[in-house]
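Data block below; observations after.
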Amino acid sequence: MKPHVRLHFCLLGCLSLAAGQGSNPAPLRAVRTTEPIRLDGKLDEPAWAAAPAASGFTETWPIFGGPARVPTEVKILYDDHFLYVGARMRHVPGQGPVIRRVHRRDQDSPSDWFTVYIDSLHDHRTAFSFGVNAANVQADSVYFNDTNSDRSWDGVWESEVSVDGEGWIAELKIPMALLRIKPTDGPQTWGVNFSRSDQGSIRQSSNWQVPPRGENAFVSRFPDLTGIEGIRPQLRREFIPYVSAQRKFET
């Protein structure tokens, strides 16, 4: 079984066997930005520096329940039209290079991956996932009934990655129009979770939150994402570029 496939199943089933009490991390606060965010996989705008980070991931494979052996920090920004997710996947000495393989979208591969899961309705049953590997190959899906997923859904969103001496960075730009949002101008609380898969010399999968032992749960256990306000449901507009060619024959 491919490691990335193993990560997917761990999140839906094996995670329930993880050690620990399953208590949620403290809520993560998203920060509204008024400055343009350049999608380049760098996270060097001042808004990123001002945003709090989610960290302290838990290993889910091959050993369940212990602290992740490699550190991860994730931050979230937003404006009226987009949600921005910035993730820093750090390497430790001796870990080896970042594994980045190019392949078709939505395919499992032995690459280093990062995924964000968003329960924008905060109904604890439905969510969207947006994943990217270290070669900037995208994968996405929708979750329903807490633990079921449909990977046939393809959203139109953007991402960029960069690799440096500390590991790699993923930067995602997700249209608010892709998400299901409650019709309110006031503050909103969403659910959020993150996962990471490493395929180098330190082969492991980890995520931010792990359900309690013996509990078959996923979306319902997402930690809270706070700080989002002034966002209303938006018309979904997904534009997929294509090329049309025509050949004229004369006789």
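For the structure tokens, the naming scheme is as follows: chains receive sequential letters (A, B, ...) according to their order of presentation, residues are indexed from 1 within each chain, and ligands are indexed from 1 in presentation order.
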
If we count only C-alpha atoms, what is near A:His124 at a cut-off of 8 Å, once residues fewer than 6 positions away on the same chain are taken out, given as a PyMOL selection string? chain A and resi 146+191+219-222

Residues of stretch 39-208 of chain A in strand (DSSP E), written as an MDAnalysis selection string: chainID A and resid 58:61 72:78 82:90 113:119 127:133 138:144 148:150 158:164 167:175 187:199 203:207

Identify, on the basis of only C-alpha atoms, every residue whose closest approach to stretch 223-234 of chain A does not exceed 6 Å; exclude the query and any residue fewer than 3 positions from it along the same chain; express the result as a CSV table (one decimal) with C-alpha atoms, in the first residue's frame.
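File around-v2.csv, as written:
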chain,number,residue,atom,x,y,z
A,24,ASN,CA,-8.7,19.2,20.7
A,27,PRO,CA,-8.7,27.2,18.5
A,28,LEU,CA,-6.6,28.6,15.6
A,29,ARG,CA,-7.3,32.2,14.8
A,30,ALA,CA,-7.5,33.3,11.1
A,177,ALA,CA,-17.0,30.7,-3.4
A,181,ILE,CA,-20.6,29.5,4.3
A,183,PRO,CA,-25.3,33.7,5.6
A,184,THR,CA,-24.1,36.1,8.4
A,185,ASP,CA,-22.0,39.2,8.5
A,186,GLY,CA,-20.9,38.5,12.1
A,187,PRO,CA,-18.1,36.4,13.5
A,188,GLN,CA,-18.1,32.8,12.4
A,189,THR,CA,-16.5,29.7,13.8
A,190,TRP,CA,-15.4,27.0,11.4
A,191,GLY,CA,-13.7,23.6,11.9
A,192,VAL,CA,-10.2,22.9,10.7

Mind running stretch 43-65 of chain A against stretch 89-112 of chain A at 12 Å and telling me each contacting residue's nearest atom pair with the distance in Å (one decimal), counting only C-alpha atoms, chain and number ascending, as a Markdown table?
| residue | atom | partner | partner_atom | distance |
| --- | --- | --- | --- | --- |
| A:Ala54 | CA | A:Met89 | CA | 11.9 |
| A:Ser55 | CA | A:Met89 | CA | 10.4 |
| A:Phe57 | CA | A:Met89 | CA | 11.0 |

What does the distance from atom CA of A:Tyr78 to atom CA of A:Leu172 come to in Å, to one decimal?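 These atoms are spaced 11.1 Å apart.
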
Using only C-alpha atoms, find each residue of stretch 8-98 of chain A with at least one atom at most 12 Å away from an atom of stretch 126-135 of chain A; report its shortest atom-to-atom pair and that distance in Å (one decimal), sort the rows by chain and rising residue number, and return the result as CSV.
residue,atom,partner,partner_atom,distance
A:His8,CA,A:Gly131,CA,11.4
A:Gly41,CA,A:Ala134,CA,10.5
A:Leu83,CA,A:Phe130,CA,11.5
A:Tyr84,CA,A:Phe130,CA,11.5
A:Val85,CA,A:Phe130,CA,9.9
A:Gly86,CA,A:Val132,CA,11.5
A:Ala87,CA,A:Val132,CA,10.6
A:Arg88,CA,A:Ala134,CA,11.3
A:Met89,CA,A:Ala134,CA,9.9
A:Pro97,CA,A:Ala134,CA,10.9
A:Val98,CA,A:Ala134,CA,7.2

Next, dump the selected residues to file, keeping only C-alpha atoms, as a PDB file, in the first residue's frame.
ATOM      1  CA  HIS A   8      -5.867   8.562   3.949  1.00  0.00           C
ATOM      2  CA  GLY A  41       5.297  29.542  -1.659  1.00  0.00           C
ATOM      3  CA  LEU A  83      -8.822  31.840   2.245  1.00  0.00           C
ATOM      4  CA  TYR A  84      -5.016  31.604   2.357  1.00  0.00           C
ATOM      5  CA  VAL A  85      -3.284  28.664   4.031  1.00  0.00           C
ATOM      6  CA  GLY A  86       0.455  28.768   4.655  1.00  0.00           C
ATOM      7  CA  ALA A  87       2.232  25.651   5.914  1.00  0.00           C
ATOM      8  CA  ARG A  88       5.890  25.196   6.819  1.00  0.00           C
ATOM      9  CA  MET A  89       6.985  21.535   6.864  1.00  0.00           C
ATOM     10  CA  PRO A  97      15.745  15.658   0.823  1.00  0.00           C
ATOM     11  CA  VAL A  98      12.130  16.629   0.282  1.00  0.00           C
TER      12      VAL A  98
END

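Residue nearest A:Ile37, chosen from A:Asp79, A:Asp140, A:Asp123, A:Asp154 and counting only C-alpha atoms: A:Asp79.
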
What's around A:Asn207 at 8 Å? Count only C-alpha atoms, leave out sequence neighbours fewer than 5 positions away in its own chain, and write the answer as a count of residues only. 8
